[in-house]
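Participant: Pasting in a structure now, in structure tokens, and then I'll have a few things to ask.
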There are 2 protein chains.
Amino acid sequence: MSNIRIELTANPKQKPQGPLHFGRYFTDHMFLMNYDKGEGWHDARIVPYGPFPLDPAAMCLHYGQEVFEGMKAYLTPDGTIQLFRPDENFKRLNCSNERICIPQVDEELCLEGLKKLIEIDKDWMPTEKETSLYIRPFIIATDAHLGVSPGEHYLFAVIVSPVAAYYETGLDPVKIYVEKSYTRAVKGGTGMAKTGGNYAASLIAQVEAYEEGFSQALWLDGVEKKYVEEVGTMNVFFVVDDEVITPALNGSILSGITRKSSIDILKSWGVKVTERRIAIDEIVEFHKQGRLKEMFGTGTAAVISPVGMLRYDGHDMPIGDGTTGALTQKLYDALTGIQWGTAEDTFGWTVPCCKL
Amino acid sequence: MSNIRIELTANPKQKPQGPLHFGRYFTDHMFLMNYDKGEGWHDARIVPYGPFPLDPAAMCLHYGQEVFEGMKAYLTPDGTIQLFRPDENFKRLNCSNERICIPQVDEELCLEGLKKLIEIDKDWMPTEKETSLYIRPFIIATDAHLGVSPGEHYLFAVIVSPVAAYYETGLDPVKIYVEKSYTRAVKGGTGMAKTGGNYAASLIAQVEAYEEGFSQALWLDGVEKKYVEEVGTMNVFFVVDDEVITPALNGSILSGITRKSSIDILKSWGVKVTERRIAIDEIVEFHKQGRLKEMFGTGTAAVISPVGMLRYDGHDMPIGDGTTGALTQKLYDALTGIQWGTAEDTFGWTVPCCKL
């Protein structure tokens, strides 16, 4: 049994009133650990949420040596707070760590600390339909050193944010445009890692997408600008005839946990799912032929995000009739059913945390 | 005349004793400004150097929305502290800002604040041969918000670090190997911007280079893995016969100020300098033919870094006789002569700051 020190706040914050805008409110505590070269990770602790006093020369502020994860805790009808595949998140965190030269963390200790944190802050769990606690584990290099080399000092943290239902009035198809100028990631780069630089690189395309009335950009590969990679901060799926296709993980695409779970659920229904390289021209062709039935993104925040319209090269392609497709809706219902505990978890994906 | 508030420290730090390891010591003060949406940049101030209390959800710690610059202040024989082309650095900072969706800064105000800061902390100026003050302007997004979108709150900072001569016993040729697995940057990405993510992506190759006994990795383009881009954190030049060639700026290469200055100096000597796409295979061929006379990197930290050996695909290519080439040495002497004020600045590149 590990030794996680706990220091409770003497000044609990007021809970947010009104709409729970995504990632704006944080609970009373956070889970922290430090790494120092020679000593390894140590001083696992749950302490009151509060600012990090970072030296202005802290390496994470200059050289982006930082990784993160995103997952959620859900309240089930019987009052259990449960996590969805948290082991996968901490496994992926260690994959990101490897690419960004951050020392590996003890995945079991991370999960234990997370569970304790959720239990301590459980009265922050919102209870309205489809709300959840968004969980953000992350690691930053804290060395006060301007040399470009891996840090020798790191801070691991988990912070928790109560969030509203992503879609307040049911699934709402989004408009996506295919980004041709900017690149998010490339083979040999950091696309498969959840690291700050990927998101910094993506901001400009997102701003341009908004300005054009679209909600996200679809990224093509960085080499040929020809193959579909991701959409915004989600993985992407196409329903073509009766087959579901999604880009194969190629080193520049994030290995999404909702992606992986969606594939497993679809396959369990006997749906043919193919992970392969997908040229954007193929998608255009499928659309012309009337074979592109549905399209959706997958990610922790929205779970499943139906796409109602895709713009490529100035050409608008409405997907289906512009409403959420039947398979997309069924997949959303199945995944969220498992997450919120209203459907049986036949996959063994959920991990109970505590009772509310 | 702008209004920069000044708050002097009541507790000056002890100056470092012994060797000035790069980027480890910082002066007594820092120059800060804040940006808030609707208000713009404001509250320009010089205050005691000290930690930033950052919210754990600060966007720079998650999404890498951060940019920086690097330049130096030099002590001339007549006791003047001078800067080298600082206007170019603040211009480039704004280029980086544009790519990373950070609001533009007032370049003149930045320079004014920097000069004041140097004047206030001038007794930190080391006086040994070829020492300098390394100057690090940077900007971070500080919003406590986990949504992936450009920040609405930023902190601009300039910190200053006394640094030793880069080469303690004269120019020392380094060993470089050509990186084939990892990618630093790609067209449409952030390679031309000085942003954290580029450096985070590069760490793994640098670690592997060290492990193999090399000091830096030479990056090839991210698309074809064929064309030379940069070496470590420097731009790269080759002397082939009597011509100097360097990769043309293509959007994924940093537009180095030492690179630009080197080109201007070489041209002023009547040396033919060509900026073009350079295949690594060409370099191998030039080496085989005995035409690759010299090779060097350019950057603020080392100014000019001669390359003594290049490894590509397991094949070692000694450059020249392994010592610093004549043109490399001449360029180093010319550039550092201007910087430390021992040679006439016929280009008008230096900007006096204050008297020591």
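Convention: chains lettered A, B, ... in structure tokens order; per-chain residue numbering from 1; ligands numbered from 1 as shown.
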When the cut-off is 7 Å and we count only C-alpha atoms, which residues of chain A are near chain B, given as a PDB file with N, CA, C and O atoms, in the first residue's frame?
Facilitator:
ATOM      1  N   PHE A  22     -16.891  24.358 -19.848  1.00  0.00           N
ATOM      2  CA  PHE A  22     -15.848  23.321 -19.838  1.00  0.00           C
ATOM      3  C   PHE A  22     -14.496  23.831 -19.319  1.00  0.00           C
ATOM      4  O   PHE A  22     -13.939  24.806 -19.842  1.00  0.00           O
ATOM      5  N   GLY A  23     -13.991  23.134 -18.286  1.00  0.00           N
ATOM      6  CA  GLY A  23     -12.627  23.374 -17.841  1.00  0.00           C
ATOM      7  C   GLY A  23     -12.371  24.728 -17.211  1.00  0.00           C
ATOM      8  O   GLY A  23     -11.255  25.262 -17.304  1.00  0.00           O
ATOM      9  N   ARG A  24     -13.393  25.320 -16.590  1.00  0.00           N
ATOM     10  CA  ARG A  24     -13.268  26.658 -15.988  1.00  0.00           C
ATOM     11  C   ARG A  24     -13.264  26.597 -14.462  1.00  0.00           C
ATOM     12  O   ARG A  24     -12.814  27.529 -13.809  1.00  0.00           O
ATOM     13  N   GLY A  50      -4.232  24.948  -5.644  1.00  0.00           N
ATOM     14  CA  GLY A  50      -3.667  26.288  -5.570  1.00  0.00           C
ATOM     15  C   GLY A  50      -2.540  26.446  -6.551  1.00  0.00           C
ATOM     16  O   GLY A  50      -2.093  25.476  -7.170  1.00  0.00           O
ATOM     17  N   PRO A  51      -2.073  27.692  -6.715  1.00  0.00           N
ATOM     18  CA  PRO A  51      -1.083  27.978  -7.754  1.00  0.00           C
ATOM     19  C   PRO A  51       0.251  27.259  -7.535  1.00  0.00           C
ATOM     20  O   PRO A  51       0.636  26.973  -6.405  1.00  0.00           O
ATOM     21  N   PHE A  52       0.923  26.962  -8.646  1.00  0.00           N
ATOM     22  CA  PHE A  52       2.297  26.448  -8.621  1.00  0.00           C
ATOM     23  C   PHE A  52       3.229  27.661  -8.675  1.00  0.00           C
ATOM     24  O   PHE A  52       3.170  28.426  -9.636  1.00  0.00           O
ATOM     25  N   PRO A  53       4.105  27.831  -7.700  1.00  0.00           N
ATOM     26  CA  PRO A  53       5.073  28.928  -7.823  1.00  0.00           C
ATOM     27  C   PRO A  53       6.232  28.465  -8.721  1.00  0.00           C
ATOM     28  O   PRO A  53       7.136  27.787  -8.275  1.00  0.00           O
ATOM     29  N   LEU A  54       6.150  28.794 -10.015  1.00  0.00           N
ATOM     30  CA  LEU A  54       7.160  28.311 -10.969  1.00  0.00           C
ATOM     31  C   LEU A  54       8.224  29.373 -11.214  1.00  0.00           C
ATOM     32  O   LEU A  54       7.902  30.542 -11.463  1.00  0.00           O
ATOM     33  N   ASP A  55       9.472  28.955 -11.184  1.00  0.00           N
ATOM     34  CA  ASP A  55      10.558  29.864 -11.527  1.00  0.00           C
ATOM     35  C   ASP A  55      10.336  30.349 -12.965  1.00  0.00           C
ATOM     36  O   ASP A  55       9.930  29.563 -13.827  1.00  0.00           O
ATOM     37  N   PRO A  56      10.596  31.620 -13.238  1.00  0.00           N
ATOM     38  CA  PRO A  56      10.419  32.107 -14.620  1.00  0.00           C
ATOM     39  C   PRO A  56      11.237  31.302 -15.637  1.00  0.00           C
ATOM     40  O   PRO A  56      10.874  31.255 -16.813  1.00  0.00           O
ATOM     41  N   CYS A  60       9.346  23.988 -18.620  1.00  0.00           N
ATOM     42  CA  CYS A  60       8.051  23.807 -19.296  1.00  0.00           C
ATOM     43  C   CYS A  60       7.550  25.104 -19.924  1.00  0.00           C
ATOM     44  O   CYS A  60       6.782  25.070 -20.883  1.00  0.00           O
ATOM     45  N   LEU A  61       7.981  26.239 -19.407  1.00  0.00           N
ATOM     46  CA  LEU A  61       7.520  27.530 -19.943  1.00  0.00           C
ATOM     47  C   LEU A  61       8.282  27.945 -21.200  1.00  0.00           C
ATOM     48  O   LEU A  61       7.884  28.877 -21.898  1.00  0.00           O
ATOM     49  N   HIS A  62       9.386  27.256 -21.469  1.00  0.00           N
ATOM     50  CA  HIS A  62      10.236  27.621 -22.607  1.00  0.00           C
ATOM     51  C   HIS A  62      10.272  26.528 -23.674  1.00  0.00           C
ATOM     52  O   HIS A  62      10.140  26.807 -24.848  1.00  0.00           O
ATOM     53  N   TYR A  63      10.474  25.286 -23.225  1.00  0.00           N
ATOM     54  CA  TYR A  63      10.733  24.214 -24.187  1.00  0.00           C
ATOM     55  C   TYR A  63       9.605  23.199 -24.273  1.00  0.00           C
ATOM     56  O   TYR A  63       9.782  22.121 -24.835  1.00  0.00           O
ATOM     57  N   GLY A  64       8.456  23.555 -23.710  1.00  0.00           N
ATOM     58  CA  GLY A  64       7.256  22.725 -23.895  1.00  0.00           C
ATOM     59  C   GLY A  64       7.388  21.293 -23.419  1.00  0.00           C
ATOM     60  O   GLY A  64       6.679  20.413 -23.935  1.00  0.00           O
ATOM     61  N   GLN A  65       8.281  21.049 -22.451  1.00  0.00           N
ATOM     62  CA  GLN A  65       8.397  19.659 -21.968  1.00  0.00           C
ATOM     63  C   GLN A  65       7.254  19.404 -21.003  1.00  0.00           C
ATOM     64  O   GLN A  65       7.366  19.587 -19.783  1.00  0.00           O
ATOM     65  N   GLU A  66       6.126  18.975 -21.558  1.00  0.00           N
ATOM     66  CA  GLU A  66       4.885  18.808 -20.812  1.00  0.00           C
ATOM     67  C   GLU A  66       3.998  17.806 -21.544  1.00  0.00           C
ATOM     68  O   GLU A  66       4.002  17.756 -22.765  1.00  0.00           O
ATOM     69  N   PHE A  68       0.034  15.535 -21.063  1.00  0.00           N
ATOM     70  CA  PHE A  68      -1.194  15.507 -20.262  1.00  0.00           C
ATOM     71  C   PHE A  68      -2.105  14.373 -20.688  1.00  0.00           C
ATOM     72  O   PHE A  68      -1.849  13.693 -21.683  1.00  0.00           O
ATOM     73  N   ARG A  99       8.236   9.753 -25.431  1.00  0.00           N
ATOM     74  CA  ARG A  99       8.560  10.584 -26.602  1.00  0.00           C
ATOM     75  C   ARG A  99       9.155  11.932 -26.206  1.00  0.00           C
ATOM     76  O   ARG A  99      10.013  12.485 -26.900  1.00  0.00           O
ATOM     77  N   ILE A 100       8.677  12.457 -25.052  1.00  0.00           N
ATOM     78  CA  ILE A 100       9.054  13.823 -24.644  1.00  0.00           C
ATOM     79  C   ILE A 100      10.180  13.777 -23.594  1.00  0.00           C
ATOM     80  O   ILE A 100      10.540  14.793 -23.006  1.00  0.00           O
ATOM     81  N   CYS A 101      10.722  12.575 -23.351  1.00  0.00           N
ATOM     82  CA  CYS A 101      11.862  12.420 -22.432  1.00  0.00           C
ATOM     83  C   CYS A 101      11.523  12.788 -20.985  1.00  0.00           C
ATOM     84  O   CYS A 101      12.347  13.379 -20.276  1.00  0.00           O
ATOM     85  N   ILE A 140       4.864  18.450 -15.879  1.00  0.00           N
ATOM     86  CA  ILE A 140       5.645  19.567 -16.425  1.00  0.00           C
ATOM     87  C   ILE A 140       7.082  19.507 -15.902  1.00  0.00           C
ATOM     88  O   ILE A 140       7.323  19.066 -14.778  1.00  0.00           O
ATOM     89  N   ALA A 144      14.740  25.207 -13.241  1.00  0.00           N
ATOM     90  CA  ALA A 144      15.012  26.616 -13.587  1.00  0.00           C
ATOM     91  C   ALA A 144      16.316  26.639 -14.378  1.00  0.00           C
ATOM     92  O   ALA A 144      17.391  26.939 -13.862  1.00  0.00           O
ATOM     93  N   HIS A 145      16.234  26.275 -15.657  1.00  0.00           N
ATOM     94  CA  HIS A 145      17.433  26.079 -16.476  1.00  0.00           C
ATOM     95  C   HIS A 145      17.101  26.324 -17.934  1.00  0.00           C
ATOM     96  O   HIS A 145      16.201  25.682 -18.477  1.00  0.00           O
ATOM     97  N   LEU A 146      17.837  27.215 -18.577  1.00  0.00           N
ATOM     98  CA  LEU A 146      17.518  27.539 -19.964  1.00  0.00           C
ATOM     99  C   LEU A 146      18.239  26.679 -20.997  1.00  0.00           C
ATOM    100  O   LEU A 146      18.108  26.925 -22.193  1.00  0.00           O
ATOM    101  N   GLY A 147      19.007  25.692 -20.600  1.00  0.00           N
ATOM    102  CA  GLY A 147      19.632  24.798 -21.575  1.00  0.00           C
ATOM    103  C   GLY A 147      18.593  23.879 -22.204  1.00  0.00           C
ATOM    104  O   GLY A 147      17.663  23.448 -21.526  1.00  0.00           O
ATOM    105  N   SER A 149      17.730  20.635 -22.897  1.00  0.00           N
ATOM    106  CA  SER A 149      18.005  19.231 -22.579  1.00  0.00           C
ATOM    107  C   SER A 149      16.879  18.763 -21.676  1.00  0.00           C
ATOM    108  O   SER A 149      16.175  19.589 -21.092  1.00  0.00           O
ATOM    109  N   PRO A 150      16.663  17.445 -21.568  1.00  0.00           N
ATOM    110  CA  PRO A 150      15.547  16.998 -20.728  1.00  0.00           C
ATOM    111  C   PRO A 150      15.732  17.486 -19.289  1.00  0.00           C
ATOM    112  O   PRO A 150      16.853  17.541 -18.779  1.00  0.00           O
ATOM    113  N   SER A 181      -3.423  24.246 -45.320  1.00  0.00           N
ATOM    114  CA  SER A 181      -2.177  25.014 -45.159  1.00  0.00           C
ATOM    115  C   SER A 181      -1.348  24.537 -43.974  1.00  0.00           C
ATOM    116  O   SER A 181      -0.140  24.362 -44.076  1.00  0.00           O
ATOM    117  N   TYR A 182      -2.003  24.383 -42.838  1.00  0.00           N
ATOM    118  CA  TYR A 182      -1.273  24.094 -41.617  1.00  0.00           C
ATOM    119  C   TYR A 182      -1.186  22.595 -41.364  1.00  0.00           C
ATOM    120  O   TYR A 182      -2.027  21.828 -41.813  1.00  0.00           O
ATOM    121  N   THR A 183      -0.150  22.218 -40.621  1.00  0.00           N
ATOM    122  CA  THR A 183       0.075  20.814 -40.310  1.00  0.00           C
ATOM    123  C   THR A 183       0.057  20.657 -38.801  1.00  0.00           C
ATOM    124  O   THR A 183       0.639  21.468 -38.085  1.00  0.00           O
ATOM    125  N   ARG A 184      -0.600  19.625 -38.320  1.00  0.00           N
ATOM    126  CA  ARG A 184      -0.634  19.362 -36.889  1.00  0.00           C
ATOM    127  C   ARG A 184       0.555  18.495 -36.477  1.00  0.00           C
ATOM    128  O   ARG A 184       1.182  18.737 -35.448  1.00  0.00           O
ATOM    129  N   VAL A 186       3.537  15.117 -37.912  1.00  0.00           N
ATOM    130  CA  VAL A 186       4.131  14.380 -39.023  1.00  0.00           C
ATOM    131  C   VAL A 186       4.846  13.156 -38.456  1.00  0.00           C
ATOM    132  O   VAL A 186       5.188  13.118 -37.275  1.00  0.00           O
ATOM    133  N   LYS A 187       5.038  12.165 -39.316  1.00  0.00           N
ATOM    134  CA  LYS A 187       5.787  10.966 -38.927  1.00  0.00           C
ATOM    135  C   LYS A 187       7.130  11.378 -38.307  1.00  0.00           C
ATOM    136  O   LYS A 187       7.814  12.240 -38.845  1.00  0.00           O
ATOM    137  N   GLY A 188       7.466  10.757 -37.184  1.00  0.00           N
ATOM    138  CA  GLY A 188       8.726  11.102 -36.526  1.00  0.00           C
ATOM    139  C   GLY A 188       8.591  12.276 -35.570  1.00  0.00           C
ATOM    140  O   GLY A 188       9.510  12.585 -34.823  1.00  0.00           O
ATOM    141  N   GLY A 189       7.428  12.935 -35.604  1.00  0.00           N
ATOM    142  CA  GLY A 189       7.174  14.067 -34.714  1.00  0.00           C
ATOM    143  C   GLY A 189       6.508  13.610 -33.426  1.00  0.00           C
ATOM    144  O   GLY A 189       6.759  12.505 -32.948  1.00  0.00           O
ATOM    145  N   THR A 190       5.595  14.442 -32.906  1.00  0.00           N
ATOM    146  CA  THR A 190       5.009  14.149 -31.602  1.00  0.00           C
ATOM    147  C   THR A 190       3.506  13.902 -31.673  1.00  0.00           C
ATOM    148  O   THR A 190       2.826  13.922 -30.649  1.00  0.00           O
ATOM    149  N   GLY A 196       1.883  19.459 -25.198  1.00  0.00           N
ATOM    150  CA  GLY A 196       1.425  20.811 -25.464  1.00  0.00           C
ATOM    151  C   GLY A 196       1.633  21.300 -26.879  1.00  0.00           C
ATOM    152  O   GLY A 196       0.731  21.891 -27.478  1.00  0.00           O
ATOM    153  N   GLY A 197       2.826  21.034 -27.444  1.00  0.00           N
ATOM    154  CA  GLY A 197       3.177  21.562 -28.756  1.00  0.00           C
ATOM    155  C   GLY A 197       2.185  21.208 -29.854  1.00  0.00           C
ATOM    156  O   GLY A 197       1.931  22.016 -30.753  1.00  0.00           O
ATOM    157  N   TYR A 199      -0.967  20.943 -29.591  1.00  0.00           N
ATOM    158  CA  TYR A 199      -2.167  21.768 -29.435  1.00  0.00           C
ATOM    159  C   TYR A 199      -1.854  23.219 -29.798  1.00  0.00           C
ATOM    160  O   TYR A 199      -2.666  23.886 -30.442  1.00  0.00           O
ATOM    161  N   ALA A 200      -0.654  23.681 -29.412  1.00  0.00           N
ATOM    162  CA  ALA A 200      -0.240  25.037 -29.802  1.00  0.00           C
ATOM    163  C   ALA A 200      -0.232  25.146 -31.327  1.00  0.00           C
ATOM    164  O   ALA A 200      -0.689  26.140 -31.899  1.00  0.00           O
ATOM    165  N   ALA A 201       0.270  24.113 -31.990  1.00  0.00           N
ATOM    166  CA  ALA A 201       0.351  24.130 -33.457  1.00  0.00           C
ATOM    167  C   ALA A 201      -1.020  24.150 -34.104  1.00  0.00           C
ATOM    168  O   ALA A 201      -1.183  24.655 -35.214  1.00  0.00           O
ATOM    169  N   LEU A 203      -3.838  25.618 -32.938  1.00  0.00           N
ATOM    170  CA  LEU A 203      -4.729  26.744 -32.604  1.00  0.00           C
ATOM    171  C   LEU A 203      -5.093  27.594 -33.810  1.00  0.00           C
ATOM    172  O   LEU A 203      -6.241  27.997 -33.983  1.00  0.00           O
ATOM    173  N   ILE A 204      -4.110  27.866 -34.668  1.00  0.00           N
ATOM    174  CA  ILE A 204      -4.344  28.787 -35.772  1.00  0.00           C
ATOM    175  C   ILE A 204      -5.396  28.244 -36.744  1.00  0.00           C
ATOM    176  O   ILE A 204      -6.225  28.999 -37.265  1.00  0.00           O
ATOM    177  N   GLY A 222       1.059  15.231 -42.713  1.00  0.00           N
ATOM    178  CA  GLY A 222       2.020  16.308 -42.925  1.00  0.00           C
ATOM    179  C   GLY A 222       2.930  16.087 -44.119  1.00  0.00           C
ATOM    180  O   GLY A 222       3.624  17.011 -44.549  1.00  0.00           O
ATOM    181  N   VAL A 223       2.955  14.894 -44.661  1.00  0.00           N
ATOM    182  CA  VAL A 223       3.885  14.595 -45.743  1.00  0.00           C
ATOM    183  C   VAL A 223       3.251  14.876 -47.103  1.00  0.00           C
ATOM    184  O   VAL A 223       3.735  15.700 -47.872  1.00  0.00           O
TER     185      VAL A 223
END
Participant: Within 10 Å of A:Glu119, counting only C-alpha atoms, which residues show up once you throw out same-chain ones fewer than 4 positions away? Write them as a PDB file with N, CA, C and O atoms, in the first residue's frame, please.
Facilitator:
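Saved the output as result.pdb:
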ATOM      1  N   ILE A  81     -19.545   6.642  -8.133  1.00  0.00           N
ATOM      2  CA  ILE A  81     -18.757   7.441  -9.076  1.00  0.00           C
ATOM      3  C   ILE A  81     -17.767   6.479  -9.716  1.00  0.00           C
ATOM      4  O   ILE A  81     -17.036   5.762  -9.012  1.00  0.00           O
ATOM      5  N   GLY A 113      -3.962   7.515  -6.450  1.00  0.00           N
ATOM      6  CA  GLY A 113      -4.056   8.929  -6.058  1.00  0.00           C
ATOM      7  C   GLY A 113      -5.286   9.591  -6.653  1.00  0.00           C
ATOM      8  O   GLY A 113      -5.984  10.366  -5.984  1.00  0.00           O
ATOM      9  N   LEU A 114      -5.564   9.268  -7.920  1.00  0.00           N
ATOM     10  CA  LEU A 114      -6.735   9.829  -8.586  1.00  0.00           C
ATOM     11  C   LEU A 114      -8.021   9.427  -7.858  1.00  0.00           C
ATOM     12  O   LEU A 114      -8.895  10.257  -7.601  1.00  0.00           O
ATOM     13  N   LYS A 115      -8.116   8.136  -7.516  1.00  0.00           N
ATOM     14  CA  LYS A 115      -9.329   7.656  -6.829  1.00  0.00           C
ATOM     15  C   LYS A 115      -9.512   8.364  -5.482  1.00  0.00           C
ATOM     16  O   LYS A 115     -10.623   8.765  -5.126  1.00  0.00           O
ATOM     17  N   ASP A 123     -18.106  15.724  -3.435  1.00  0.00           N
ATOM     18  CA  ASP A 123     -19.280  16.605  -3.411  1.00  0.00           C
ATOM     19  C   ASP A 123     -19.223  17.663  -4.527  1.00  0.00           C
ATOM     20  O   ASP A 123     -20.127  18.491  -4.659  1.00  0.00           O
ATOM     21  N   TRP A 124     -18.154  17.631  -5.341  1.00  0.00           N
ATOM     22  CA  TRP A 124     -18.098  18.472  -6.543  1.00  0.00           C
ATOM     23  C   TRP A 124     -18.742  17.769  -7.740  1.00  0.00           C
ATOM     24  O   TRP A 124     -18.846  18.355  -8.822  1.00  0.00           O
ATOM     25  N   MET A 125     -19.123  16.512  -7.563  1.00  0.00           N
ATOM     26  CA  MET A 125     -19.712  15.754  -8.677  1.00  0.00           C
ATOM     27  C   MET A 125     -21.052  16.383  -9.030  1.00  0.00           C
ATOM     28  O   MET A 125     -21.953  16.420  -8.202  1.00  0.00           O
ATOM     29  N   CYS A 353     -15.073   4.006  -8.121  1.00  0.00           N
ATOM     30  CA  CYS A 353     -14.184   4.889  -7.391  1.00  0.00           C
ATOM     31  C   CYS A 353     -14.655   5.045  -5.952  1.00  0.00           C
ATOM     32  O   CYS A 353     -13.918   4.783  -5.009  1.00  0.00           O
ATOM     33  N   CYS A 354     -15.893   5.464  -5.793  1.00  0.00           N
ATOM     34  CA  CYS A 354     -16.465   5.642  -4.453  1.00  0.00           C
ATOM     35  C   CYS A 354     -17.969   5.846  -4.614  1.00  0.00           C
ATOM     36  O   CYS A 354     -18.472   5.941  -5.722  1.00  0.00           O
ATOM     37  N   LYS A 355     -18.652   5.899  -3.496  1.00  0.00           N
ATOM     38  CA  LYS A 355     -20.076   6.242  -3.518  1.00  0.00           C
ATOM     39  C   LYS A 355     -20.207   7.742  -3.271  1.00  0.00           C
ATOM     40  O   LYS A 355     -19.450   8.301  -2.471  1.00  0.00           O
ATOM     41  N   LEU A 356     -21.176   8.361  -3.958  1.00  0.00           N
ATOM     42  CA  LEU A 356     -21.363   9.803  -3.739  1.00  0.00           C
ATOM     43  C   LEU A 356     -21.837  10.050  -2.308  1.00  0.00           C
ATOM     44  O   LEU A 356     -22.729   9.386  -1.833  1.00  0.00           O
TER      45      LEU A 356
END
Participant: I'd like the contact shell of stretch 344-352 of chain B - 6 Å cut-off, only C-alpha atoms, skipping same-chain residues fewer than 6 positions apart - returned as a PDB file with all heavy atoms, in the first residue's frame.
Facilitator:
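The result, written out as part.pdb:
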ATOM      1  N   GLN B  82      26.369  46.517 -24.832  1.00  0.00           N
ATOM      2  CA  GLN B  82      25.600  46.682 -26.072  1.00  0.00           C
ATOM      3  C   GLN B  82      24.845  45.410 -26.443  1.00  0.00           C
ATOM      4  O   GLN B  82      25.203  44.311 -26.055  1.00  0.00           O
ATOM      5  CB  GLN B  82      26.511  47.135 -27.219  1.00  0.00           C
ATOM      6  CG  GLN B  82      27.526  46.122 -27.676  1.00  0.00           C
ATOM      7  CD  GLN B  82      28.439  46.684 -28.783  1.00  0.00           C
ATOM      8  OE1 GLN B  82      28.523  47.903 -29.004  1.00  0.00           O
ATOM      9  NE2 GLN B  82      29.135  45.802 -29.484  1.00  0.00           N
ATOM     10  N   LEU B  83      23.776  45.606 -27.192  1.00  0.00           N
ATOM     11  CA  LEU B  83      22.948  44.503 -27.683  1.00  0.00           C
ATOM     12  C   LEU B  83      23.266  44.270 -29.153  1.00  0.00           C
ATOM     13  O   LEU B  83      23.724  45.186 -29.843  1.00  0.00           O
ATOM     14  CB  LEU B  83      21.466  44.854 -27.522  1.00  0.00           C
ATOM     15  CG  LEU B  83      21.009  45.110 -26.078  1.00  0.00           C
ATOM     16  CD1 LEU B  83      19.659  45.831 -26.058  1.00  0.00           C
ATOM     17  CD2 LEU B  83      20.914  43.795 -25.314  1.00  0.00           C
ATOM     18  N   PHE B  84      23.004  43.057 -29.628  1.00  0.00           N
ATOM     19  CA  PHE B  84      23.243  42.716 -31.024  1.00  0.00           C
ATOM     20  C   PHE B  84      21.906  42.488 -31.721  1.00  0.00           C
ATOM     21  O   PHE B  84      21.216  41.500 -31.430  1.00  0.00           O
ATOM     22  CB  PHE B  84      24.120  41.461 -31.103  1.00  0.00           C
ATOM     23  CG  PHE B  84      24.484  41.045 -32.503  1.00  0.00           C
ATOM     24  CD1 PHE B  84      25.440  41.759 -33.223  1.00  0.00           C
ATOM     25  CD2 PHE B  84      23.878  39.941 -33.100  1.00  0.00           C
ATOM     26  CE1 PHE B  84      25.779  41.386 -34.512  1.00  0.00           C
ATOM     27  CE2 PHE B  84      24.219  39.559 -34.397  1.00  0.00           C
ATOM     28  CZ  PHE B  84      25.175  40.277 -35.099  1.00  0.00           C
ATOM     29  N   ARG B  85      21.519  43.402 -32.569  1.00  0.00           N
ATOM     30  CA  ARG B  85      20.306  43.295 -33.392  1.00  0.00           C
ATOM     31  C   ARG B  85      19.037  42.922 -32.587  1.00  0.00           C
ATOM     32  O   ARG B  85      18.260  42.040 -33.005  1.00  0.00           O
ATOM     33  CB  ARG B  85      20.521  42.293 -34.533  1.00  0.00           C
ATOM     34  CG  ARG B  85      21.825  42.542 -35.285  1.00  0.00           C
ATOM     35  CD  ARG B  85      21.936  41.692 -36.543  1.00  0.00           C
ATOM     36  NE  ARG B  85      21.150  42.281 -37.633  1.00  0.00           N
ATOM     37  CZ  ARG B  85      21.135  41.807 -38.879  1.00  0.00           C
ATOM     38  NH1 ARG B  85      21.821  40.716 -39.188  1.00  0.00           N
ATOM     39  NH2 ARG B  85      20.418  42.386 -39.810  1.00  0.00           N
ATOM     40  N   ILE B 338      32.379  42.237 -33.680  1.00  0.00           N
ATOM     41  CA  ILE B 338      31.307  43.238 -33.662  1.00  0.00           C
ATOM     42  C   ILE B 338      30.547  43.174 -32.332  1.00  0.00           C
ATOM     43  O   ILE B 338      30.265  44.191 -31.706  1.00  0.00           O
ATOM     44  CB  ILE B 338      30.344  43.023 -34.861  1.00  0.00           C
ATOM     45  CG1 ILE B 338      31.068  43.280 -36.190  1.00  0.00           C
ATOM     46  CG2 ILE B 338      29.110  43.910 -34.721  1.00  0.00           C
ATOM     47  CD1 ILE B 338      30.279  42.881 -37.426  1.00  0.00           C
TER      48      ILE B 338
END
Participant: Which residues, written as a ChimeraX atom specification, have at least one atom at most 12 Å from B:Ile265, with only C-alpha atoms counted and residues fewer than 2 positions away on the same chain left out?
Facilitator: /B:244,258-263,267-273,327-328,330-338,345-347,349
Participant: Can you work out the spacing between atom CA of A:Pro247 and atom CA of A:Arg276 in Å, to one decimal?
Facilitator: 5.1 Å
Participant: Could you state the separation of atom CA of A:Ile6 and atom CA of A:Asp43 in Å, given to one decimal place?
Facilitator: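 Going from atom CA of A:Ile6 over to atom CA of A:Asp43 covers 10.6 Å.
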Participant: Using only C-alpha atoms, determine which residues lie at most 12 Å from B:Gly314, disregarding the query and same-chain residues fewer than 6 positions distant; provide the list as a list in words.
Facilitator: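 Everything that qualifies: Ile176, Tyr177, Val178, Glu179, Lys180 and Glu212 of chain B.
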Participant: Please report, as JSON, numbers by chain, each residue of stretch 58-267 of chain A to which DSSP assigns helix (DSSP H, G or I) when run on this structure's backbone.
Facilitator: {"A": [60, 61, 62, 63, 86, 87, 88, 89, 90, 91, 92, 93, 94, 95, 96, 97, 98, 99, 100, 107, 108, 109, 110, 111, 112, 113, 114, 115, 116, 117, 118, 119, 120, 122, 123, 124, 196, 197, 198, 199, 200, 201, 202, 203, 204, 205, 206, 207, 208, 209, 210, 211, 257, 258, 259, 260, 261, 262, 263, 264, 265, 266, 267]}
